[in-house]
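First comes the structure, then the notes that go with it.
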Amino acid sequence: MELRQLRCFVAVAEELHFGRAAERLLLGQPAVSQQVRRLERELKVELFDRSPRYVRLTPAGERFLPAARNVLAAEDAARALAADLAEPTVFRLGTITALGERLDLILDTYRRRAPGVHVELQAVRVRERLARVSDGRLDAAFVRGAIAEDSPDLRFLPVWEDELVLALPARHPLADRPEVDLADLAELPLRLTGRAEHPALVDLVTDACARAGFRPLLGPAHSTLQDSLASIGSGTPMWTVVYAANARLVNVHRVAFRRCRTPLALPTSLAVRRSAAVPRLLLEACRATPPSWDDQDS
C-alpha cells in the first residue's frame, strides 16, 4: 500500500468524481483511476461503486476512508515535525512575474509566522525553476498553468487562480462596458507574448478565443508589459491580457482594464519535492486572501 494510492482514494471519496479528484491532485484522470485500482487489488475489495452516471463509496470504502485519512494526517504531521526540527534560516523560493500585492502579502504573513527565516527569491524560467526544486537548489517554487506529469519527484500544491483582465484603449467604445465579450474583440489585433515565453498563458487566451468563435489577429509581439500598454494607450486599436494583480498597480489613463465576460484565469501551484516536508507555513501564507479586483476603480 502506497501513500499516493491513499491520496488518490481519499480525493475520489471526497469529490465522488474521478475527474474532479484528478484536477485537485493535478494528475491525469487515468493515473488516479490506476492508483485506486491498484489499491483495491491489494486490499482485495471494491472501494467504489462505479457507473457512467455516478461514483459512490461501497460499504467497505466508507469503513476504509477514516483509516486512510488517518494515515495521510500522520504523514503530514511527521513532515511538519521534521520541518520544525530542521529550523531552516533561509527558504529559497522560486517566484513568478505579476504577483503584485499578493507577493507582499505572502512574505509579510510568512515572516510573522516564521520570524527567524529569511526568504530568498529567485526568478528564473519555469523549466529551470522546476529543475532547481528537483535537485534541492530551491525549497519551493510558484508555477502557473497545467503541470506536465513528467515530474515524478515533485508535488504541486494548488494555492490560487490568477485572474486575467482585458486591456484596450480607454477611448475605444468597448471600454464603456464593465465587462467585454471576447467575440467583440475578434476584429482587433491581439498583442501577446510569444508562446515559448509563456505557453500556459498563450494557450489559455487562444483557446478562449477559439471557444468564442474566432482566431485572434496577432499584432506586434509582446515585449514588455510597459511597451504593450504604451502601444495600446496610444489609441491604436488592439488589446491584450494583463494579470489583475498587475492591473491594480498600473496607472495608465489611456488604457482601460475590463473583465472578460467569460472569466480568464490561470491556476497557480506551489511546487515542492515529494521527499520534503510540505512548507505548511508558506502554504498558509499563500492562501491568505489578497485584495480583489472589485476593490479597485475600473
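Each chain in the C-alpha cells gets a letter, A, B and so on, in the order shown; residues start at 1 in every chain, and ligands are counted from 1 in the order they appear.
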| field | Residue contacts of Ala21 (chain A) (12 Å, only C-alpha atoms) excluding same-chain residues fewer than 2 positions away, as a count of residues only | value | 26
| said: as a ChimeraX atom specification, please: the residues near Leu166 (chain A) (cut-off 9 Å, only C-alpha atoms, same-chain neighbours under 5 positions excluded). | reply: /A:180,239-243,256-260
| field | Using only C-alpha atoms: which of A:Leu130, A:Val252, A:Ala196, A:Met1 has the shortest distance to Leu225 (chain A) | value |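 Ranking A:Leu130, A:Val252, A:Ala196, A:Met1 by distance to Leu225 (chain A), first place goes to A:Val252.
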| said: Given only C-alpha atoms as the basis, pick out the residue of A:Leu266, A:Ala212, A:Glu163, A:Leu282 nearest to Ala247 (chain A). | reply: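 Ranked by minimum distance to Ala247 (chain A), first place goes to A:Glu163.
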Name all residues at most 6 Å from Ala271 (chain A) (count only C-alpha atoms; drop same-chain ones fewer than 6 positions away) and give them as a PDB file with C-alpha atoms, in the first residue's frame.
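As a result, out_33.pdb now contains:
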ATOM      1  CA  ALA A 140       9.664  25.559  -3.384  1.00  0.00           C
ATOM      2  CA  ALA A 141       8.548  27.440  -6.486  1.00  0.00           C
ATOM      3  CA  ARG A 155       4.261  17.506  -5.896  1.00  0.00           C
ATOM      4  CA  PHE A 156       2.154  20.518  -6.874  1.00  0.00           C
TER       5      PHE A 156
END
| Nearest to Val255 (chain A): which of A:Ser269, A:Ala277, A:Ala175, A:Asp181 is it, counting only C-alpha atoms? |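 The shortest atom-to-atom distance to Val255 (chain A) comes from A:Ala175.
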| task | Report the residues of region 52-110 of chain A whose backbone DSSP state falls under alpha helix (DSSP H), written as a PyMOL selection string. | result | chain A and resi 59-86+101-110
Could you write those residues out with C-alpha atoms, as a PDB file, in the first residue's frame?
ATOM      1  CA  PRO A  59     -19.681  -0.018   2.475  1.00  0.00           C
ATOM      2  CA  ALA A  60     -16.075  -1.236   2.512  1.00  0.00           C
ATOM      3  CA  GLY A  61     -14.915   2.110   1.111  1.00  0.00           C
ATOM      4  CA  GLU A  62     -16.816   4.001   3.807  1.00  0.00           C
ATOM      5  CA  ARG A  63     -15.151   1.900   6.515  1.00  0.00           C
ATOM      6  CA  PHE A  64     -11.700   2.315   4.950  1.00  0.00           C
ATOM      7  CA  LEU A  65     -11.910   6.123   4.439  1.00  0.00           C
ATOM      8  CA  PRO A  66     -11.245   7.188   8.080  1.00  0.00           C
ATOM      9  CA  ALA A  67      -8.208   4.890   8.254  1.00  0.00           C
ATOM     10  CA  ALA A  68      -6.813   6.311   5.007  1.00  0.00           C
ATOM     11  CA  ARG A  69      -7.301   9.872   6.259  1.00  0.00           C
ATOM     12  CA  ASN A  70      -5.514   8.993   9.493  1.00  0.00           C
ATOM     13  CA  VAL A  71      -2.500   7.661   7.578  1.00  0.00           C
ATOM     14  CA  LEU A  72      -2.268  10.819   5.457  1.00  0.00           C
ATOM     15  CA  ALA A  73      -2.689  13.039   8.513  1.00  0.00           C
ATOM     16  CA  ALA A  74       0.124  11.132  10.237  1.00  0.00           C
ATOM     17  CA  GLU A  75       2.340  11.671   7.183  1.00  0.00           C
ATOM     18  CA  ASP A  76       1.647  15.406   7.235  1.00  0.00           C
ATOM     19  CA  ALA A  77       2.317  15.577  10.972  1.00  0.00           C
ATOM     20  CA  ALA A  78       5.619  13.740  10.576  1.00  0.00           C
ATOM     21  CA  ARG A  79       6.720  16.025   7.756  1.00  0.00           C
ATOM     22  CA  ALA A  80       5.712  19.113   9.744  1.00  0.00           C
ATOM     23  CA  LEU A  81       7.683  17.898  12.762  1.00  0.00           C
ATOM     24  CA  ALA A  82      10.721  17.214  10.621  1.00  0.00           C
ATOM     25  CA  ALA A  83      10.475  20.696   9.142  1.00  0.00           C
ATOM     26  CA  ASP A  84      10.222  22.258  12.611  1.00  0.00           C
ATOM     27  CA  LEU A  85      13.223  20.269  13.846  1.00  0.00           C
ATOM     28  CA  ALA A  86      15.285  21.377  10.864  1.00  0.00           C
ATOM     29  CA  GLU A 101       0.451  42.907  -3.892  1.00  0.00           C
ATOM     30  CA  ARG A 102      -0.034  39.186  -3.413  1.00  0.00           C
ATOM     31  CA  LEU A 103       3.707  38.572  -3.042  1.00  0.00           C
ATOM     32  CA  ASP A 104       3.961  41.318  -0.403  1.00  0.00           C
ATOM     33  CA  LEU A 105       1.051  39.757   1.464  1.00  0.00           C
ATOM     34  CA  ILE A 106       2.622  36.292   1.324  1.00  0.00           C
ATOM     35  CA  LEU A 107       6.031  37.472   2.528  1.00  0.00           C
ATOM     36  CA  ASP A 108       4.591  39.623   5.320  1.00  0.00           C
ATOM     37  CA  THR A 109       2.378  36.771   6.553  1.00  0.00           C
ATOM     38  CA  TYR A 110       5.203  34.250   6.361  1.00  0.00           C
TER      39      TYR A 110
END
